[in-house]
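Encoded as structure tokens, the structure appears first; notes follow it.
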2 protein chains.
Amino acid sequence: MLRLLKLICLFLLPAMLTAQHPVTFFTKAEAAEVKKNLYRYPLLTQSYLELKKEVDGWIGKKIDVPFPKDAAGGYTHDKHKYNYTLIFNSGVLYNLTGEAKYATLVKDVLLQYADLNPTLKNHPQATSSSPGRIFWQALNDANWLVYAGMAYDLVRNNISAADRKKIEDGAFKPEVEFFTKEMPDWFNLIHNHAVWATAGVGIVGIATDNKDWTDMALYGTKKDGKSGFIALMDGLFSPDGYYTEGPYYVRYAVLPYYVFASAINNSRPALKIFEHRNRILHKALMAGLQQTNLNGGFFSLNDALKEKDYTSNELVTAINTSWDVYGKDSGLLVLAQKQNRVVLNRGGVAIAAAISKGKVPAHYPYKTVEYADGVKGENGGVSVLRNGKGNNLTTLIYKYTSHGLSHGHYDKLNFNLYDKGNEILRDYGAVRFIGVEQKYGGRYLPETKGYASQTIAHNTIVVDERSHFGGKESVSENFHSDKLFSSTGNPAVQVAAAKEDNAYKGVHLQRTAYLLDLPDGKKLLVDIFNAASTETHQYDLPFHYNGSLISTSVKYDAFTSSQEPLGKQNGYQYLWKEAAAKVNDTLVQLSFLNDRTYYSISSLVQGEASVFFTRSGANDPNFNLRHEPAMIIRKKGDNVSYVNVMEIHGKFDPVYEFSSNAYTAVKNIQVLQQDEQYSVAMILLNDKKLVIAQCNKDFTATGLHSAGGVSWTGAFTVIYDGKKLN
Amino acid sequence: MLRLLKLICLFLLPAMLTAQHPVTFFTKAEAAEVKKNLYRYPLLTQSYLELKKEVDGWIGKKIDVPFPKDAAGGYTHDKHKYNYTLIFNSGVLYNLTGEAKYATLVKDVLLQYADLNPTLKNHPQATSSSPGRIFWQALNDANWLVYAGMAYDLVRNNISAADRKKIEDGAFKPEVEFFTKEMPDWFNLIHNHAVWATAGVGIVGIATDNKDWTDMALYGTKKDGKSGFIALMDGLFSPDGYYTEGPYYVRYAVLPYYVFASAINNSRPALKIFEHRNRILHKALMAGLQQTNLNGGFFSLNDALKEKDYTSNELVTAINTSWDVYGKDSGLLVLAQKQNRVVLNRGGVAIAAAISKGKVPAHYPYKTVEYADGVKGENGGVSVLRNGKGNNLTTLIYKYTSHGLSHGHYDKLNFNLYDKGNEILRDYGAVRFIGVEQKYGGRYLPETKGYASQTIAHNTIVVDERSHFGGKESVSENFHSDKLFSSTGNPAVQVAAAKEDNAYKGVHLQRTAYLLDLPDGKKLLVDIFNAASTETHQYDLPFHYNGSLISTSVKYDAFTSSQEPLGKQNGYQYLWKEAAAKVNDTLVQLSFLNDRTYYSISSLVQGEASVFFTRSGANDPNFNLRHEPAMIIRKKGDNVSYVNVMEIHGKFDPVYEFSSNAYTAVKNIQVLQQDEQYSVAMILLNDKKLVIAQCNKDFTATGLHSAGGVSWTGAFTVIYDGKKLN
């Protein structure tokens, strides 16, 4: 009997062992390595057991593959989403345990899809320009293809030839042809959707040994390389890895980039896909991670949701794979530990092993970084200026990128400030309840375009109450801001300057950010924002501050018993006007409290200006908006300058009932010179003078300049209490 | 030489060792025990070293004792506050190290106060009815006396007789006489201020061996026992430890109660103060702790601030002392670990030792508790109904107490719901930025009386847009609600009922709360709230929900482009009316999302009603209020009933983009019978019937009843899917 069993084993095993699958998620050799280590490292063991427990709960049960009906958050949507995760996990378990029941689960589910998919037309809830079949939008069908394709690859050795044909023809072919034949324009687009679509078609191509599909995935439906996965690696990133749709979207795209690249690397190693474009996928991941906040959230640029952070599944996969492909990186351990799980591949094993040795740094190594935007780095970019250590980190995001495709905002020269893990000067992000069916099926809500993407929802200048580029993507996508210079080598004085000439016809906007860490411990941001035009305009500069208003220097009229919106269009209709003031030759100051820190904004007003205190939430009949305050300073003129100081100061302890250093130190701001060539400002901080002198046109390092009583060399100088800091 | 030193030591030591001080914070013997263990237990060591580091930073430095000028949050206020903490800590260190420098620091500072205090008149910022001298209010002067008194006691053995006299006459006597001679009415009041005042005077009396002062502290200025510390132990608690001002205030009073009791216990052991009134101080602490939320915050009853939690200094002291006096209690270890420090007394040693053994439970043992209010337990009370384990804890607070002295709110029969550590049905608490000088010197802001204490700011019925008792404390303090019955033995069905007949003349209010944990896993709160009158009134029932509005069954008109307050007075003027609806014979439903859980309110409307969606923040010219939403159901009639269901359901995962069980299960609510005797309601939960039948007058356990087609025994019955649950 034992002999018979051995014989059967001998007969069966070679067929399994010599097959060229799996080859997408991992190879046979990699699976063996994972298996060997499963019980060695706690994080790996835990990840394995959690996954096994989840899948084991479904073994032997009928798994529903419902006819598509609901939008995101509804039953059929969530079920199909759950199904593709389940079969992928079951396929992984089949390779790690050798137990046929896991392969059977995958096969049974895929056979159901083989019956379902050929019957599908466009989804009844399809509202986007790229409708889906299993889901309301094609993007989700692409997610399904990525995971279902890997699941199939993981178990195909255990499936009979007849069933394979059923699955390939029934489950996969209709979806692949739907993408490549019925929606080639969408499939060939340079956009995050296409990253998923090409990864899905490509993984299925590899899993089914269908070279045609894989080639279309790599090089576009015409196989000319103008679109497809390689073109997406070339077209969506700048040379230093900045993803043009912004960090929130690289979070999402990084998964198909990494899993399809892994599958290509296993099946077509000659392509050296991970080396492509000077390791662009590594740069992409690292740039994405530097664009997160202490709490793990991705910067709120463009249509971002603040709930998403680096513990999401996409980042677990990318980080684990990166460790294996690009080598170990102790910073990643900080994130892996917060993710509290690993992927069951070689990188996951290595990370779990490293964590088990206990040498995890306390914080991710956030640093000052600057990224160019555009394929050649020619489309402006973003400066992320940072100072402070550990939880005391301060981060200024200064954005002067291109539009960022369909999820871009009209936010040229925008500031966004984070401190101690909190967003202090906010970017609204997107208006969306993702995964909540009742809120328009989890889709982007109309207030995203109506309010959140408009210029007034940002911390940058709005001219004549119109958004940049008239709020038209078709116009905005043709332009980008330009970086003028930056200096980030000295942590005490970090500077970045950029200009924008196209957002408004005939208006030149130029903004210079100084993130300062003064010798006496004061932390502040100085902002010189100049607007120049030959005609008279109205300029609005909002500060979307996050906190409780503690005090203001402004004597305002409060609209306490009747409230109206600030304006009628371009996002202004979403802001309640809570208070307004006329001011004249003064310092506009606002102190607010966020968590346990005080923040103060001081802005010089020369001549007349208006100040508005607003709150989002007007014209919101469906209660979609958060109610967030802002202070807006309105000036009129042809050439207008804002000199703003934002201090981070003091400490508030409500438990001990102590406040320290709770008042602004800014006693005065004077403009010593302001013209086309120079801006020179003096800021009196208690009894010490902070003088900032900058060039507005000549940014060479060697230029000698004299203006406003200050002489200096180079693009700028910062002098505090008589001492030059830069 | 060595002999000489020995001789000097022999000469000096006895004088120190035989003195009867210290005797307040700890005795010589207790200090020796602490000293012996200082390096044995990590938490004790850490607490000691942190305190030592802080004090060591001041050794040899001039310590400023400024002339009083500022309100809370300002320099002189915070400096005096810092000073009393510093000298107390330095006094403790003197006893633990024997180093004279610590005693010298205390002496030098107290000598400065000895110069300052005799010169003081009322504080320039004094605005309250009990002005202070060192601080803006006398309460803070009492804090100073408590700590300065202990500091003096801790080091007096090291102070010359001449300096002792200076300190006793200069620093202490003016303050003691200020309290006992100039403000005897305040000193003799039954109120938390007096707990601090008597503790301060008493501790100073013990420290200075002044029996007269200690006797006045214990028995009032007339020494007749009608006021003073003992009367405060008798007069502010119910027999089961409920503190009539509410949990937020016991947090504050518990420290003087415990430290003065310790000092009495050391100096007058015959009083057996810790045994007084069946260990009322133990009951007080335990009741205070049960009235906290998972996050450590005290329930928002009355003028509470949500930032305060059980990590505050007062609770560290009380918990450490309680462990020593009343015996070990593993639940306290959970809190001590979160406090992350111990007091350097015997209890602190014992707690640090217990924590070092590592057996700290995961959660504080929160349970269903009910407390009576009033000295004899005759003034109504509060039912805290709980179900769920660990972080899945649900807590309903049903308040039917007396007014709660000067910090009480007009909130008879109020509900407050917490779930998973979040406040779901909110009580605004107080409007105050404690410790923030810019916000009216950290005092209670006018909106506390104007809005937060008014009935409309609570989750209970408002009749004719007037607050309970006309919003008059002088009226309200004469009354209390009455508990009718409760049943808390069965975790699946917990019930509490109470009535209120005095809040509105001629209106009977009766509310019964059912916290249910159904066999199929549904968690819900059913609320039958009946109002009865012979005349027609307008009844408003607000739900101050905390979360994002996800959906509602109500077709409303939204005031999207112009907004006005809901009313003109009694708190209504602080609510913006965001939307309004007229409804008729319908189910009013509202689903909202808080964190990762869905909540739905369903309320039956028979006949006509109005529904308002509001948000706090109107008539708030100084930006003092938070902007929080509410839904208010307005009915008109003589006898009006509300049948409300609040479900806790589903899960939202924004990272995985999944929602489950996101919809209300309530399909219908029917009133099967409603009259003076009975309320019987049927709630259809998907396809299952939940029937609740209750008596409105006969609450005996044995009464046989039949109404609305249901027969039952006792005060109520709950039937689900045909099965009786209670």
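Residue names in the structure tokens use chain letters A, B, ... in the order shown, residue numbers from 1 in each chain, and ligand numbers from 1 in the order shown.
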Query raised in the report: as a VMD selection string, which residues of range 267-367 of chain B does DSSP assign to helix (DSSP H, G or I)?
Result: chain B and resid 267 269 to 271 273 to 290 313 to 326 330 to 339 346 to 356
Report task. Tell me which protein, DNA and RNA residues are within 9 Å of range 229-237 of chain A, counting only C-alpha atoms, leaving out same-chain ones fewer than 6 positions away, and put them as an NGL selection string. Result -> :A and (189-192 or 194-195 or 198-199 or 202 or 216-220 or 243-245 or 257 or 260 or 273 or 276-277 or 280-281 or 284 or 373-377)
Query raised in the report: Using only C-alpha atoms, which of the listed residues (A:Phe652, A:Tyr428, A:Phe299, A:Phe623) sits closest to Tyr398 in chain A?
Result: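 Using only C-alpha atoms, Tyr398 in chain A sits closest to A:Phe299.
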Report task. Could you tell me which of A:Glu99, A:Asp169, A:Asp78, A:Glu370 comes closest to chain B if we count only C-alpha atoms? Result -> A:Asp78
Report task. Excluding range 717-725 of chain B and residues on its chain fewer than 2 positions from it, collect all residues at most 12 Å away from it, counting only C-alpha atoms, and give them as a PyMOL selection string. Result -> chain B and resi 487+490-495+514-520+522+526+678-695+699+701+703-707+710-715
Residues of chain A that have any atom at most 7 Å from an atom of chain B: could you tabulate them with the shortest-distance atom pair and the distance in Å to one decimal, using only C-alpha atoms, ordered by chain and increasing number, as JSON lines?
{"residue": "A:Gly73", "atom": "CA", "partner": "B:Ser659", "partner_atom": "CA", "distance": 5.4}
{"residue": "A:Asp78", "atom": "CA", "partner": "B:Phe658", "partner_atom": "CA", "distance": 6.7}
{"residue": "A:Glu307", "atom": "CA", "partner": "B:Pro654", "partner_atom": "CA", "distance": 6.3}
{"residue": "A:Lys308", "atom": "CA", "partner": "B:Val655", "partner_atom": "CA", "distance": 5.4}
{"residue": "A:Ser312", "atom": "CA", "partner": "B:Val655", "partner_atom": "CA", "distance": 5.7}
{"residue": "A:Ile434", "atom": "CA", "partner": "B:Glu657", "partner_atom": "CA", "distance": 6.0}
{"residue": "A:Gly435", "atom": "CA", "partner": "B:Glu657", "partner_atom": "CA", "distance": 4.7}
{"residue": "A:Val436", "atom": "CA", "partner": "B:Ser659", "partner_atom": "CA", "distance": 6.2}
{"residue": "A:Gln438", "atom": "CA", "partner": "B:Ser551", "partner_atom": "CA", "distance": 6.5}
{"residue": "A:Lys439", "atom": "CA", "partner": "B:Ile550", "partner_atom": "CA", "distance": 6.6}
{"residue": "A:Leu549", "atom": "CA", "partner": "B:Phe623", "partner_atom": "CA", "distance": 6.3}
{"residue": "A:Ile550", "atom": "CA", "partner": "B:Gln438", "partner_atom": "CA", "distance": 6.5}
{"residue": "A:Ser551", "atom": "CA", "partner": "B:Gln438", "partner_atom": "CA", "distance": 6.6}
{"residue": "A:Ala558", "atom": "CA", "partner": "B:Pro621", "partner_atom": "CA", "distance": 5.5}
{"residue": "A:Thr560", "atom": "CA", "partner": "B:Asn619", "partner_atom": "CA", "distance": 4.2}
{"residue": "A:Ser561", "atom": "CA", "partner": "B:Asn619", "partner_atom": "CA", "distance": 5.8}
{"residue": "A:Ser562", "atom": "CA", "partner": "B:Glu564", "partner_atom": "CA", "distance": 4.7}
{"residue": "A:Gln563", "atom": "CA", "partner": "B:Gln563", "partner_atom": "CA", "distance": 5.1}
{"residue": "A:Glu564", "atom": "CA", "partner": "B:Ser562", "partner_atom": "CA", "distance": 4.7}
{"residue": "A:Pro565", "atom": "CA", "partner": "B:Ser561", "partner_atom": "CA", "distance": 6.2}
{"residue": "A:Ala618", "atom": "CA", "partner": "B:Thr560", "partner_atom": "CA", "distance": 5.4}
{"residue": "A:Asn619", "atom": "CA", "partner": "B:Thr560", "partner_atom": "CA", "distance": 4.1}
{"residue": "A:Asp620", "atom": "CA", "partner": "B:Thr560", "partner_atom": "CA", "distance": 6.1}
{"residue": "A:Pro621", "atom": "CA", "partner": "B:Ala558", "partner_atom": "CA", "distance": 5.5}
{"residue": "A:Phe623", "atom": "CA", "partner": "B:Leu549", "partner_atom": "CA", "distance": 6.3}
{"residue": "A:Pro654", "atom": "CA", "partner": "B:Ile434", "partner_atom": "CA", "distance": 6.2}
{"residue": "A:Val655", "atom": "CA", "partner": "B:Lys308", "partner_atom": "CA", "distance": 5.4}
{"residue": "A:Tyr656", "atom": "CA", "partner": "B:Ser312", "partner_atom": "CA", "distance": 7.0}
{"residue": "A:Glu657", "atom": "CA", "partner": "B:Gly435", "partner_atom": "CA", "distance": 4.7}
{"residue": "A:Phe658", "atom": "CA", "partner": "B:Gly435", "partner_atom": "CA", "distance": 5.3}
{"residue": "A:Ser659", "atom": "CA", "partner": "B:Gly73", "partner_atom": "CA", "distance": 5.4}
